[in-house]
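Have a look at start.tsv; it's TSV, C-alpha atoms:
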chain	number	residue	atom	x	y	z
A	26	MET	CA	-65.42	-46.26	-29.01
A	27	ALA	CA	-62.11	-46.08	-27.14
A	28	MET	CA	-59.34	-43.54	-27.65
A	29	LEU	CA	-55.74	-42.73	-26.71
A	30	VAL	CA	-54.76	-40.13	-24.12
A	31	SER	CA	-52.12	-38.01	-25.84
A	32	ASP	CA	-51.94	-34.74	-23.92
A	33	ASN	CA	-51.65	-35.93	-20.30
A	34	PRO	CA	-49.56	-38.75	-18.80
A	35	VAL	CA	-52.31	-39.39	-16.19
A	36	TYR	CA	-49.98	-41.61	-14.13
A	37	SER	CA	-47.20	-39.99	-12.09
A	38	ASP	CA	-44.38	-42.28	-13.36
A	39	LEU	CA	-44.94	-41.45	-17.03
A	40	ILE	CA	-43.26	-39.02	-19.40
A	41	ASN	CA	-44.04	-38.31	-23.05
A	42	ASN	CA	-41.09	-39.41	-25.19
A	43	TYR	CA	-41.75	-36.89	-27.96
A	44	GLU	CA	-42.04	-33.93	-25.60
A	45	LYS	CA	-38.90	-34.85	-23.65
A	46	PHE	CA	-36.95	-35.32	-26.90
A	47	HIS	CA	-37.79	-31.75	-27.90
A	48	GLU	CA	-36.93	-30.40	-24.47
A	49	PHE	CA	-33.43	-31.78	-24.96
A	50	TYR	CA	-32.90	-31.29	-28.70
A	51	THR	CA	-33.26	-27.66	-29.77
A	52	PRO	CA	-34.16	-26.71	-33.36
A	53	GLN	CA	-30.50	-25.69	-33.79
A	54	ASN	CA	-29.34	-29.17	-32.68
A	55	LEU	CA	-31.69	-30.85	-35.12
A	56	LEU	CA	-30.69	-28.53	-37.97
A	57	LYS	CA	-27.09	-29.75	-37.65
A	58	LEU	CA	-28.28	-33.33	-38.12
A	59	GLN	CA	-30.66	-32.58	-41.00
A	60	GLY	CA	-30.07	-34.85	-43.97
A	61	LYS	CA	-27.41	-36.92	-42.21
A	62	TRP	CA	-29.51	-40.10	-42.27
A	63	GLU	CA	-32.42	-41.45	-44.27
A	64	ASP	CA	-35.59	-43.16	-43.13
A	65	ASN	CA	-36.38	-46.08	-45.42
A	66	SER	CA	-39.23	-47.42	-43.30
A	67	ASP	CA	-42.84	-47.65	-44.44
A	68	PHE	CA	-45.36	-48.92	-41.93
A	69	SER	CA	-48.48	-47.89	-43.81
A	70	SER	CA	-49.54	-51.53	-44.23
A	71	TYR	CA	-50.02	-51.92	-40.47
A	72	ARG	CA	-53.38	-51.39	-38.85
A	73	THR	CA	-53.28	-48.17	-36.83
A	74	ILE	CA	-53.83	-48.13	-33.10
A	75	GLU	CA	-56.52	-45.51	-33.63
A	76	ASP	CA	-58.46	-47.96	-35.81
A	77	LEU	CA	-58.04	-50.69	-33.20
A	78	LEU	CA	-59.47	-48.48	-30.46
A	79	GLU	CA	-62.28	-47.03	-32.57
A	80	ASN	CA	-63.48	-50.54	-33.39
A	81	LEU	CA	-62.56	-52.15	-30.09
A	82	GLU	CA	-64.46	-55.28	-29.15
A	83	ASP	CA	-64.43	-57.14	-25.83
A	84	ALA	CA	-62.45	-60.01	-27.35
A	85	ASP	CA	-59.65	-57.58	-28.30
A	86	LEU	CA	-58.92	-56.83	-24.64
A	87	SER	CA	-57.36	-60.24	-24.09
A	88	LYS	CA	-55.35	-60.32	-27.34
A	89	THR	CA	-52.00	-58.95	-28.48
A	90	HIS	CA	-52.08	-56.63	-31.50
A	91	VAL	CA	-49.36	-55.35	-33.83
A	92	VAL	CA	-50.26	-51.84	-34.94
A	93	SER	CA	-48.63	-48.61	-36.06
A	94	VAL	CA	-48.54	-45.77	-33.54
A	95	ASP	CA	-47.66	-42.11	-33.73
A	96	ILE	CA	-44.53	-41.39	-31.66
A	97	LYS	CA	-46.11	-38.33	-30.05
A	98	ASN	CA	-48.63	-40.64	-28.33
A	99	ILE	CA	-46.01	-42.85	-26.67
A	100	PHE	CA	-45.32	-42.60	-22.93
A	101	SER	CA	-42.60	-44.27	-20.83
A	102	SER	CA	-42.34	-45.18	-17.16
A	103	GLU	CA	-39.36	-43.09	-16.02
A	104	THR	CA	-37.00	-44.38	-13.29
A	105	SER	CA	-36.53	-40.96	-11.69
A	106	LEU	CA	-40.32	-40.71	-11.25
A	107	GLY	CA	-40.63	-44.09	-9.55
A	108	GLY	CA	-40.97	-46.09	-12.77
A	109	PHE	CA	-38.71	-48.72	-14.33
A	110	ASP	CA	-37.54	-47.50	-17.75
A	111	ARG	CA	-34.55	-45.41	-18.86
A	112	ALA	CA	-36.57	-43.06	-21.04
A	113	LEU	CA	-34.64	-39.87	-20.20
A	114	TRP	CA	-31.36	-41.79	-20.35
A	115	SER	CA	-32.01	-42.77	-23.97
A	116	ILE	CA	-32.38	-39.08	-24.85
A	117	GLU	CA	-29.80	-37.34	-22.67
A	118	ASN	CA	-27.01	-39.84	-21.98
A	119	GLN	CA	-23.87	-39.45	-24.13
A	120	SER	CA	-23.33	-43.21	-24.27
A	121	ALA	CA	-26.90	-43.75	-25.47
A	122	LYS	CA	-26.54	-41.03	-28.11
A	123	LYS	CA	-23.29	-42.56	-29.33
A	124	GLN	CA	-24.93	-45.97	-29.58
A	125	GLN	CA	-27.84	-44.51	-31.57
A	126	HIS	CA	-25.55	-42.65	-34.00
A	127	GLU	CA	-23.42	-45.76	-34.52
A	128	SER	CA	-26.52	-47.82	-35.28
A	129	LEU	CA	-27.82	-45.25	-37.75
A	130	ASN	CA	-24.43	-45.08	-39.45
A	131	ARG	CA	-24.17	-48.87	-39.60
A	132	HIS	CA	-27.60	-49.29	-41.21
A	133	GLY	CA	-27.44	-46.19	-43.38
A	134	GLY	CA	-30.25	-44.52	-41.43
A	135	TYR	CA	-33.44	-45.86	-39.88
A	136	SER	CA	-33.78	-49.33	-41.33
A	137	GLU	CA	-37.19	-50.97	-41.30
A	138	ASN	CA	-35.68	-54.45	-41.13
A	139	ALA	CA	-33.20	-53.59	-38.37
A	140	ALA	CA	-35.66	-51.62	-36.26
A	141	GLY	CA	-38.15	-54.40	-35.62
A	142	VAL	CA	-41.28	-53.98	-33.53
A	143	LEU	CA	-41.55	-52.02	-30.28
A	144	SER	CA	-43.67	-53.21	-27.35
A	145	ALA	CA	-46.15	-51.47	-25.08
A	146	ARG	CA	-49.10	-51.91	-22.75
A	147	LEU	CA	-52.29	-49.86	-22.72
A	148	ARG	CA	-53.09	-48.60	-19.24
A	149	PRO	CA	-56.77	-47.76	-18.69
A	150	HIS	CA	-57.44	-44.19	-17.61
A	151	PRO	CA	-58.18	-44.35	-13.86
A	152	THR	CA	-61.30	-42.18	-14.09
A	153	GLU	CA	-62.30	-41.96	-17.76
A	154	PRO	CA	-63.66	-45.28	-19.16
A	155	GLY	CA	-62.65	-46.01	-22.75
A	156	GLN	CA	-59.46	-43.94	-22.59
A	157	TYR	CA	-56.00	-45.53	-22.60
A	158	VAL	CA	-52.41	-44.41	-22.06
A	159	LEU	CA	-49.87	-46.14	-24.32
A	160	VAL	CA	-46.84	-47.14	-22.19
A	161	LYS	CA	-43.76	-48.41	-24.03
A	162	TYR	CA	-41.53	-50.96	-22.28
A	163	ILE	CA	-39.26	-51.91	-25.20
A	164	GLY	CA	-37.77	-49.58	-27.83
A	165	GLY	CA	-36.51	-46.35	-26.25
A	166	ASN	CA	-33.45	-46.05	-28.47
A	167	ARG	CA	-35.52	-46.79	-31.57
A	168	VAL	CA	-37.94	-43.99	-30.75
A	169	ALA	CA	-35.02	-41.57	-30.35
A	170	MET	CA	-33.45	-42.73	-33.65
A	171	LYS	CA	-36.74	-42.36	-35.55
A	172	LEU	CA	-37.01	-38.79	-34.33
A	173	LEU	CA	-33.36	-38.05	-35.16
A	174	VAL	CA	-33.67	-39.10	-38.81
A	175	ASN	CA	-36.91	-37.16	-39.27
A	176	ASP	CA	-35.68	-33.80	-37.92
A	177	GLY	CA	-37.70	-34.32	-34.73
A	178	LYS	CA	-41.00	-34.81	-36.57
A	179	SER	CA	-43.41	-37.36	-35.14
A	180	THR	CA	-43.80	-40.36	-37.43
A	181	ARG	CA	-45.29	-43.81	-37.01
A	182	VAL	CA	-43.57	-46.94	-35.71
A	183	PRO	CA	-44.80	-50.54	-35.46
A	184	MET	CA	-45.66	-51.68	-31.96
A	185	MET	CA	-46.96	-54.81	-30.31
A	186	VAL	CA	-49.60	-53.76	-27.79
A	187	ALA	CA	-51.77	-55.48	-25.22
A	188	PHE	CA	-54.34	-54.21	-22.73
A	189	HIS	CA	-53.95	-54.07	-18.97
A	190	GLU	CA	-56.81	-55.14	-16.77
A	191	PRO	CA	-58.84	-52.12	-15.63
A	192	ALA	CA	-58.84	-50.64	-12.13
A	193	LEU	CA	-55.47	-52.02	-11.00
A	194	PRO	CA	-53.25	-49.86	-8.73
A	195	GLN	CA	-50.55	-47.88	-10.51
A	196	GLU	CA	-47.83	-49.97	-8.83
A	197	GLU	CA	-49.35	-53.13	-10.29
A	198	TYR	CA	-49.20	-51.68	-13.80
A	199	ILE	CA	-45.56	-50.74	-13.19
A	200	LYS	CA	-44.81	-54.23	-11.89
A	201	ILE	CA	-46.31	-55.97	-14.93
A	202	GLU	CA	-44.58	-53.69	-17.45
A	203	SER	CA	-41.30	-53.84	-15.54
A	204	ASP	CA	-41.34	-57.62	-15.54
A	205	LEU	CA	-41.71	-57.62	-19.33
A	206	HIS	CA	-38.99	-54.99	-19.62
A	207	ALA	CA	-36.64	-56.89	-17.28
A	208	THR	CA	-37.02	-60.10	-19.26
A	209	ASP	CA	-35.94	-58.23	-22.37
A	210	ALA	CA	-33.20	-56.30	-20.52
A	211	GLY	CA	-31.60	-59.48	-19.26
A	212	ASP	CA	-30.64	-60.42	-22.82
A	213	ARG	CA	-29.41	-57.04	-23.96
A	214	SER	CA	-25.89	-55.70	-23.39
A	215	GLY	CA	-27.25	-52.18	-23.86
A	216	GLN	CA	-28.74	-52.38	-20.39
A	217	ASN	CA	-26.25	-51.68	-17.63
A	218	GLU	CA	-26.27	-53.11	-14.11
A	219	MET	CA	-28.30	-50.28	-12.63
A	220	GLN	CA	-30.97	-50.40	-15.34
A	221	LYS	CA	-31.37	-54.17	-15.04
A	222	PHE	CA	-31.57	-53.91	-11.25
A	223	ILE	CA	-34.23	-51.18	-11.32
A	224	SER	CA	-36.29	-53.16	-13.86
A	225	GLY	CA	-36.10	-56.32	-11.77
A	226	PHE	CA	-36.86	-54.46	-8.55
A	227	LYS	CA	-39.92	-52.75	-9.99
A	228	ALA	CA	-41.04	-56.13	-11.32
A	229	HIS	CA	-40.80	-57.51	-7.75
A	230	ARG	CA	-38.34	-60.17	-8.80
A	231	PRO	CA	-36.97	-62.09	-5.78
A	232	ASN	CA	-33.25	-61.48	-6.35
A	233	GLU	CA	-33.60	-57.71	-6.74
A	234	ILE	CA	-36.02	-57.48	-3.80
A	235	TYR	CA	-33.59	-59.45	-1.64
A	236	THR	CA	-30.68	-57.19	-2.65
A	237	TYR	CA	-32.74	-54.08	-1.94
A	238	GLU	CA	-33.75	-55.33	1.51
A	239	PHE	CA	-30.16	-56.29	2.30
A	240	LEU	CA	-28.90	-52.82	1.38
A	241	LYS	CA	-31.72	-51.16	3.30
A	242	LYS	CA	-31.05	-53.24	6.42
A	243	HIS	CA	-27.43	-52.11	6.43
A	244	GLN	CA	-28.27	-48.52	5.41
A	245	PHE	CA	-26.51	-48.49	2.06
A	246	ASN	CA	-27.86	-46.67	-0.99
A	247	TYR	CA	-27.59	-47.58	-4.65
A	248	ASN	CA	-28.29	-45.05	-7.40
A	249	GLU	CA	-30.54	-43.14	-4.96
A	250	ILE	CA	-33.04	-46.00	-4.94
A	251	MET	CA	-33.68	-45.49	-1.22
A	252	GLN	CA	-34.69	-41.86	-1.77
A	253	LYS	CA	-36.92	-42.93	-4.65
A	254	GLN	CA	-38.54	-45.41	-2.26
A	255	ARG	CA	-38.83	-42.60	0.31
A	256	VAL	CA	-36.74	-44.34	2.96
A	257	GLU	CA	-36.34	-41.81	5.76
A	258	GLY	CA	-32.78	-40.58	6.31
A	259	SER	CA	-31.40	-42.48	3.33
A	260	GLU	CA	-29.97	-39.33	1.74
A	261	ASN	CA	-27.20	-39.54	4.37
A	262	TRP	CA	-26.36	-43.20	3.77
A	263	ILE	CA	-23.17	-44.40	2.10
A	264	SER	CA	-23.75	-45.36	-1.52
A	265	ILE	CA	-22.49	-48.53	-3.17
A	266	SER	CA	-21.32	-47.78	-6.70
A	267	SER	CA	-21.78	-51.31	-8.06
A	268	LEU	CA	-23.54	-54.46	-6.92
A	269	GLN	CA	-21.48	-57.23	-8.54
A	270	GLY	CA	-22.01	-60.42	-6.49
A	271	ILE	CA	-24.55	-58.74	-4.22
A	272	LYS	CA	-27.19	-58.49	-6.94
A	273	THR	CA	-27.65	-62.23	-7.46
A	274	GLY	CA	-29.90	-62.75	-4.44
A	275	GLN	CA	-30.09	-65.01	-1.41
A	276	GLY	CA	-27.68	-67.92	-1.34
A	277	GLN	CA	-25.98	-66.85	-4.57
A	278	GLY	CA	-22.99	-64.77	-5.66
A	279	SER	CA	-21.13	-63.19	-2.76
A	280	PHE	CA	-23.67	-64.54	-0.28
A	281	ALA	CA	-22.79	-68.08	-1.33
A	282	LYS	CA	-19.05	-67.43	-1.52
A	283	TYR	CA	-18.57	-65.68	1.83
A	284	GLY	CA	-21.83	-66.33	3.68
A	285	GLU	CA	-24.58	-63.80	4.33
A	286	GLU	CA	-23.48	-63.36	7.94
A	287	ASN	CA	-19.97	-62.38	6.85
A	288	MET	CA	-21.35	-60.06	4.17
A	289	SER	CA	-23.39	-58.36	6.89
A	290	LYS	CA	-20.33	-58.02	9.12
A	291	ALA	CA	-18.42	-56.53	6.20
A	292	MET	CA	-21.14	-53.97	5.50
A	293	ASN	CA	-21.12	-52.86	9.14
A	294	THR	CA	-17.33	-52.61	9.26
A	295	VAL	CA	-17.10	-50.73	5.96
A	296	LYS	CA	-19.46	-48.07	7.33
A	297	LYS	CA	-17.11	-47.55	10.28
A	298	LEU	CA	-14.08	-47.39	7.97
A	299	CYS	CA	-15.79	-44.78	5.81
A	300	GLU	CA	-16.21	-42.61	8.90
A	301	ILE	CA	-12.41	-42.64	9.14
A	302	THR	CA	-11.70	-42.05	5.45
A	303	GLY	CA	-14.61	-39.68	4.76
A	304	GLU	CA	-15.79	-41.68	1.74
A	305	LYS	CA	-19.44	-41.40	0.73
A	306	VAL	CA	-19.34	-43.93	-2.11
A	307	VAL	CA	-17.70	-47.37	-2.09
A	308	GLY	CA	-17.49	-50.19	-4.59
A	309	ALA	CA	-18.62	-53.76	-4.08
A	310	THR	CA	-15.08	-55.19	-4.18
A	311	PRO	CA	-13.93	-53.64	-0.86
A	312	ILE	CA	-17.03	-55.09	0.83
A	313	MET	CA	-16.24	-58.53	-0.57
A	314	ALA	CA	-12.61	-58.13	0.54
A	315	ILE	CA	-13.65	-57.46	4.13
A	316	ALA	CA	-16.20	-60.31	3.93
A	317	LEU	CA	-13.39	-62.66	2.86
A	318	MET	CA	-11.35	-61.63	5.92
A	319	TYR	CA	-14.29	-62.45	8.20
A	320	PHE	CA	-15.04	-65.68	6.33
A	321	ILE	CA	-11.50	-67.01	6.82
A	322	PHE	CA	-10.05	-65.54	9.99
A	323	THR	CA	-13.07	-65.69	12.30
A	324	GLN	CA	-13.78	-69.31	11.38
A	325	HIS	CA	-10.36	-70.98	11.15
A	326	GLY	CA	-7.48	-71.23	13.57
A	327	LYS	CA	-3.78	-72.06	13.52
A	328	SER	CA	-4.47	-75.73	12.88
A	329	LYS	CA	-7.37	-77.67	11.43
A	330	GLU	CA	-8.12	-79.04	14.88
A	331	SER	CA	-8.14	-75.62	16.56
A	332	LEU	CA	-11.38	-74.91	18.38
A	333	GLN	CA	-10.57	-71.20	18.51
A	334	PRO	CA	-10.32	-69.13	15.32
A	335	LEU	CA	-7.49	-66.63	14.93
A	336	PHE	CA	-9.90	-63.72	15.59
A	337	THR	CA	-13.32	-63.13	17.03
A	338	ASP	CA	-15.64	-60.85	15.07
A	339	GLN	CA	-14.94	-58.02	17.51
A	340	GLN	CA	-11.17	-58.48	17.30
A	341	LEU	CA	-11.10	-58.43	13.49
A	342	ASP	CA	-13.37	-55.39	13.45
A	343	ARG	CA	-11.04	-53.60	15.87
A	344	PHE	CA	-7.99	-54.53	13.79
A	345	LEU	CA	-9.51	-53.14	10.60
A	346	ILE	CA	-10.48	-49.91	12.33
A	347	ALA	CA	-7.01	-49.59	13.88
A	348	TYR	CA	-5.37	-50.30	10.53
A	349	PHE	CA	-7.35	-47.62	8.70
A	350	LYS	CA	-6.78	-45.09	11.47
A	351	ASP	CA	-3.05	-45.72	11.27
A	352	GLU	CA	-3.10	-45.47	7.47
A	353	ASN	CA	-4.96	-42.15	7.63
A	354	ARG	CA	-3.00	-40.14	10.17
A	355	ASP	CA	-0.72	-37.15	10.19
A	356	SER	CA	2.93	-37.98	10.70
A	357	THR	CA	6.22	-36.15	10.79
A	358	PHE	CA	6.61	-36.89	7.10
A	359	GLY	CA	3.16	-35.79	6.00
A	360	LYS	CA	-0.40	-37.06	6.00
A	361	LYS	CA	-0.93	-40.74	5.20
A	362	GLU	CA	-4.02	-41.74	3.26
A	363	PHE	CA	-5.54	-45.12	2.49
A	364	LYS	CA	-9.13	-45.32	1.29
A	365	VAL	CA	-11.63	-48.15	1.51
A	366	ASN	CA	-11.84	-48.01	-2.28
A	367	ASP	CA	-8.10	-48.74	-2.44
A	368	LEU	CA	-9.16	-52.34	-1.79
A	369	ALA	CA	-10.77	-52.41	-5.24
A	370	MET	CA	-9.65	-54.58	-8.11
A	371	THR	CA	-7.50	-52.96	-10.80
A	372	GLY	CA	-6.88	-53.72	-14.43
A	373	SER	CA	-3.81	-55.78	-13.56
A	374	VAL	CA	-4.96	-57.36	-10.27
A	375	LYS	CA	-8.46	-58.78	-9.91
A	376	ASP	CA	-7.83	-61.27	-7.10
A	377	ILE	CA	-9.42	-60.25	-3.80
A	378	ALA	CA	-7.27	-62.52	-1.62
A	379	TYR	CA	-4.13	-61.08	-3.22
A	380	ILE	CA	-5.35	-57.53	-2.55
A	381	CYS	CA	-6.08	-58.34	1.11
A	382	GLY	CA	-2.75	-60.08	1.62
A	383	HIS	CA	-0.70	-57.20	0.24
A	384	THR	CA	-2.76	-54.73	2.26
A	385	PHE	CA	-3.11	-56.16	5.76
A	386	TRP	CA	0.20	-58.02	6.22
A	387	PRO	CA	2.32	-57.90	8.35
A	388	GLN	CA	0.15	-55.64	10.55
A	389	ILE	CA	-2.55	-58.27	11.10
A	390	VAL	CA	0.05	-60.73	12.47
A	391	GLN	CA	1.51	-58.07	14.75
A	392	TYR	CA	-1.97	-57.24	16.01
A	393	TRP	CA	-2.70	-60.92	16.73
A	394	MET	CA	0.56	-61.23	18.68
A	395	GLN	CA	-0.31	-58.13	20.70
A	396	ILE	CA	-3.85	-59.15	21.71
A	397	ASN	CA	-2.70	-62.71	22.51
A	398	ASN	CA	0.50	-61.61	24.29
A	399	ALA	CA	2.37	-64.00	21.99
A	400	LYS	CA	6.01	-63.86	20.91
A	401	ILE	CA	5.43	-65.93	17.78
A	402	GLY	CA	2.79	-65.03	15.19
A	403	PHE	CA	1.14	-67.10	12.49
A	404	SER	CA	2.50	-67.72	9.02
A	405	SER	CA	1.35	-68.96	5.64
A	406	ASP	CA	1.60	-72.52	6.93
A	407	CYS	CA	-1.20	-72.09	9.47
A	408	TYR	CA	-4.57	-73.63	8.60
A	409	ALA	CA	-6.42	-70.30	8.32
A	410	CYS	CA	-3.82	-68.93	5.93
A	411	GLN	CA	-3.98	-72.09	3.83
A	412	ARG	CA	-7.73	-71.57	3.44
A	413	PHE	CA	-7.02	-67.93	2.63
A	414	LEU	CA	-4.58	-68.96	-0.11
A	415	ASP	CA	-7.25	-71.24	-1.58
A	416	HIS	CA	-9.14	-68.09	-2.59
A	417	CYS	CA	-6.27	-66.97	-4.82
A	418	LYS	CA	-6.91	-68.74	-8.11
A	419	ASP	CA	-3.99	-67.37	-10.14
A	420	LYS	CA	-0.98	-69.65	-9.56
A	421	HIS	CA	1.51	-66.82	-10.20
A	422	LEU	CA	-0.26	-64.47	-7.82
A	423	LYS	CA	-0.64	-67.24	-5.26
A	424	LYS	CA	3.14	-67.64	-5.08
A	425	GLU	CA	3.54	-63.89	-4.48
A	426	LEU	CA	0.71	-63.95	-1.93
A	427	ARG	CA	2.29	-66.86	-0.04
A	428	ASN	CA	5.49	-64.89	0.23
A	429	ALA	CA	3.63	-61.78	1.35
A	430	ILE	CA	1.92	-63.56	4.27
A	431	ALA	CA	4.84	-65.85	5.18
Show this structure as structure tokens.
Amino acid sequence: MAMLVSDNPVYSDLINNYEKFHEFYTPQNLLKLQGKWEDNSDFSSYRTIEDLLENLEDADLSKTHVVSVDIKNIFSSETSLGGFDRALWSIENQSAKKQQHESLNRHGGYSENAAGVLSARLRPHPTEPGQYVLVKYIGGNRVAMKLLVNDGKSTRVPMMVAFHEPALPQEEYIKIESDLHATDAGDRSGQNEMQKFISGFKAHRPNEIYTYEFLKKHQFNYNEIMQKQRVEGSENWISISSLQGIKTGQGQGSFAKYGEENMSKAMNTVKKLCEITGEKVVGATPIMAIALMYFIFTQHGKSKESLQPLFTDQQLDRFLIAYFKDENRDSTFGKKEFKVNDLAMTGSVKDIAYICGHTFWPQIVQYWMQINNAKIGFSSDCYACQRFLDHCKDKHLKKELRNAIA
């Protein structure tokens, strides 16, 4: 006869959803919500998980079962503990709470038809044969809502469960569950960029692994993932606040648009610029903006036939450093300040080429004239600038950009 482990998470990445709910919601909090919503669900017709385990046969270990489970026996793999799920987020985050309340209001409480079936895997106890830990990978918000409408009391929910193979390493269990979670997360708007990335990374999916290794190579952090992976010294690294085109993996997104080599150059330059500005967190857009500058101006020259680009890598790097130093200096008229994050897209302007053009001109032309001892610079008619203008897709902005770099 097998049984559930209910009083001990056993694995270090797990938390008990019921216990954490009651750590966050005090009796006073729950009293204010008492009677606000109804629970019209009845899952008494489902076989219980206790019955499944008490009568477990070998053939059951390879099957999927839909059973009812008591919420107090559900565990989740928590991101902050090295897991993949947003279990604490679904309890503590204001956005999550708002989403839960809106859903309950929309359905008039906890609706059996709207709730659907949760999903979990049964992890074998590492040292006690016949004991299992129930690990949910789909349904965090539904668990929280079921507790909210029942004044925090533990009730039963329907869940699709399957058994893990015994004696696998903890990381393998996390990987399998995370892969299932990530597949579901990819289709749900409720999952934000960070949550989808963590799920995919823990599932060892190629795109997320590639992004992680790229960030690690250039010593950038993202949502403290490097500390969670125990990367030495990573607590002092600059953090990237969003991944955008970096998260899509090798040969895709920003890597396809600007080239991985130019993305690497941009990461290295941005770190130097942040030393000037004092920024500890940067967005993905400024990195893509600098990558665009490398992509165009270290590959193309004044004419299509030019063998020499307008700048070498070193020259463009020096220009960007000189520009930011000049834009962040004390002057007779007060301290100037220009941050790396000022290269970010805004609500009205989302074109990276336009942002670069209105930022770095005319200084970049003056710098080119200085290092080449030239009396005439380059204009919007030069081949490199024509390729630069190609990256501005808005015809109205392109006209303004052409004038700005003329």
Problem - Long-range neighbours of Ile380 of chain A as a PyMOL selection string, 8 Å cut-off, all atoms listed in the file, 4 positions minimum in chain - result: chain A and resi 314+368-370+374+376+384
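Residue nearest Val158 of chain A, chosen from A:Phe46, A:Trp262, A:Phe226, A:Tyr36 and counting all atoms listed in the file: A:Tyr36.
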Exercise for the section: Please indicate the distance in Å from atom CA of Asn287 of chain A to atom CA of Leu332 of chain A, rounded to one decimal place. Expected result: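 One can read the atom CA of Asn287 of chain A to atom CA of Leu332 of chain A distance as 19.1 Å.
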Handout entry: Counting only C-alpha atoms, the option among A:Glu103, A:Glu153, A:Glu330, A:Asp83 closest to Tyr408 of chain A
Key =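 Under the stated criterion, the closest residue is A:Glu330.
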Practice task
For atom CA of Met288 of chain A and atom CA of Ile265 of chain A, determine how far apart the two atoms are, in Å to one decimal place.
Solution key: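 Interatomic distance, atom CA of Met288 of chain A to atom CA of Ile265 of chain A: 13.7 Å.
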Completion exercise
Counting all atoms listed in the file, closest pick from A:Ser105, A:Asn130, A:Ser264, A:Thr310 relative to Ser279 of chain A is A:Thr310
Problem - Among listed residues A:Leu414, A:Met318, A:Ala309, A:Ile389, nearest Gly402 of chain A (using only C-alpha atoms) - result: A:Ile389
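Among the candidates A:Lys375, A:Lys161, A:Arg146, A:Lys297, the residue lying nearest to His243 of chain A is A:Lys297 (atoms considered: all atoms listed in the file).
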Practice task
In Å, rounded to a single decimal, give me how far atom CA of Gly107 of chain A is from atom CA of Gly258 of chain A.
Solution key: 18.0 Å
With the input short on atoms, add N, CA and C atoms back to segment 131-145 of chain A and write it as a PDB file, in the frame of the given file.
ATOM      1  N   ARG A 131     -24.374 -47.479 -39.178  1.00  0.00           N
ATOM      2  CA  ARG A 131     -24.170 -48.870 -39.600  1.00  0.00           C
ATOM      3  C   ARG A 131     -25.248 -49.313 -40.587  1.00  0.00           C
ATOM      4  N   HIS A 132     -26.479 -48.858 -40.364  1.00  0.00           N
ATOM      5  CA  HIS A 132     -27.600 -49.290 -41.210  1.00  0.00           C
ATOM      6  C   HIS A 132     -27.957 -48.263 -42.278  1.00  0.00           C
ATOM      7  N   GLY A 133     -27.168 -47.211 -42.373  1.00  0.00           N
ATOM      8  CA  GLY A 133     -27.440 -46.190 -43.380  1.00  0.00           C
ATOM      9  C   GLY A 133     -28.682 -45.378 -43.091  1.00  0.00           C
ATOM     10  N   GLY A 134     -29.055 -45.255 -41.824  1.00  0.00           N
ATOM     11  CA  GLY A 134     -30.250 -44.520 -41.430  1.00  0.00           C
ATOM     12  C   GLY A 134     -31.180 -45.399 -40.621  1.00  0.00           C
ATOM     13  N   TYR A 135     -32.462 -45.059 -40.615  1.00  0.00           N
ATOM     14  CA  TYR A 135     -33.440 -45.860 -39.880  1.00  0.00           C
ATOM     15  C   TYR A 135     -33.921 -46.980 -40.788  1.00  0.00           C
ATOM     16  N   SER A 136     -33.475 -48.179 -40.482  1.00  0.00           N
ATOM     17  CA  SER A 136     -33.780 -49.330 -41.330  1.00  0.00           C
ATOM     18  C   SER A 136     -35.004 -50.068 -40.808  1.00  0.00           C
ATOM     19  N   GLU A 137     -35.960 -50.272 -41.682  1.00  0.00           N
ATOM     20  CA  GLU A 137     -37.190 -50.970 -41.300  1.00  0.00           C
ATOM     21  C   GLU A 137     -36.903 -52.393 -40.824  1.00  0.00           C
ATOM     22  N   ASN A 138     -35.991 -53.069 -41.506  1.00  0.00           N
ATOM     23  CA  ASN A 138     -35.680 -54.450 -41.130  1.00  0.00           C
ATOM     24  C   ASN A 138     -34.922 -54.519 -39.813  1.00  0.00           C
ATOM     25  N   ALA A 139     -34.013 -53.567 -39.584  1.00  0.00           N
ATOM     26  CA  ALA A 139     -33.200 -53.590 -38.370  1.00  0.00           C
ATOM     27  C   ALA A 139     -33.989 -53.111 -37.153  1.00  0.00           C
ATOM     28  N   ALA A 140     -34.946 -52.236 -37.376  1.00  0.00           N
ATOM     29  CA  ALA A 140     -35.660 -51.620 -36.260  1.00  0.00           C
ATOM     30  C   ALA A 140     -36.565 -52.600 -35.524  1.00  0.00           C
ATOM     31  N   GLY A 141     -37.250 -53.445 -36.259  1.00  0.00           N
ATOM     32  CA  GLY A 141     -38.150 -54.400 -35.620  1.00  0.00           C
ATOM     33  C   GLY A 141     -39.378 -53.729 -35.033  1.00  0.00           C
ATOM     34  N   VAL A 142     -40.021 -54.441 -34.114  1.00  0.00           N
ATOM     35  CA  VAL A 142     -41.280 -53.980 -33.530  1.00  0.00           C
ATOM     36  C   VAL A 142     -41.086 -53.605 -32.069  1.00  0.00           C
ATOM     37  N   LEU A 143     -41.601 -52.454 -31.669  1.00  0.00           N
ATOM     38  CA  LEU A 143     -41.550 -52.020 -30.280  1.00  0.00           C
ATOM     39  C   LEU A 143     -42.657 -52.728 -29.488  1.00  0.00           C
ATOM     40  N   SER A 144     -42.650 -52.559 -28.179  1.00  0.00           N
ATOM     41  CA  SER A 144     -43.670 -53.210 -27.350  1.00  0.00           C
ATOM     42  C   SER A 144     -44.213 -52.236 -26.304  1.00  0.00           C
ATOM     43  N   ALA A 145     -45.512 -52.377 -26.035  1.00  0.00           N
ATOM     44  CA  ALA A 145     -46.150 -51.470 -25.080  1.00  0.00           C
ATOM     45  C   ALA A 145     -47.381 -52.129 -24.464  1.00  0.00           C
TER      46      ALA A 145
END
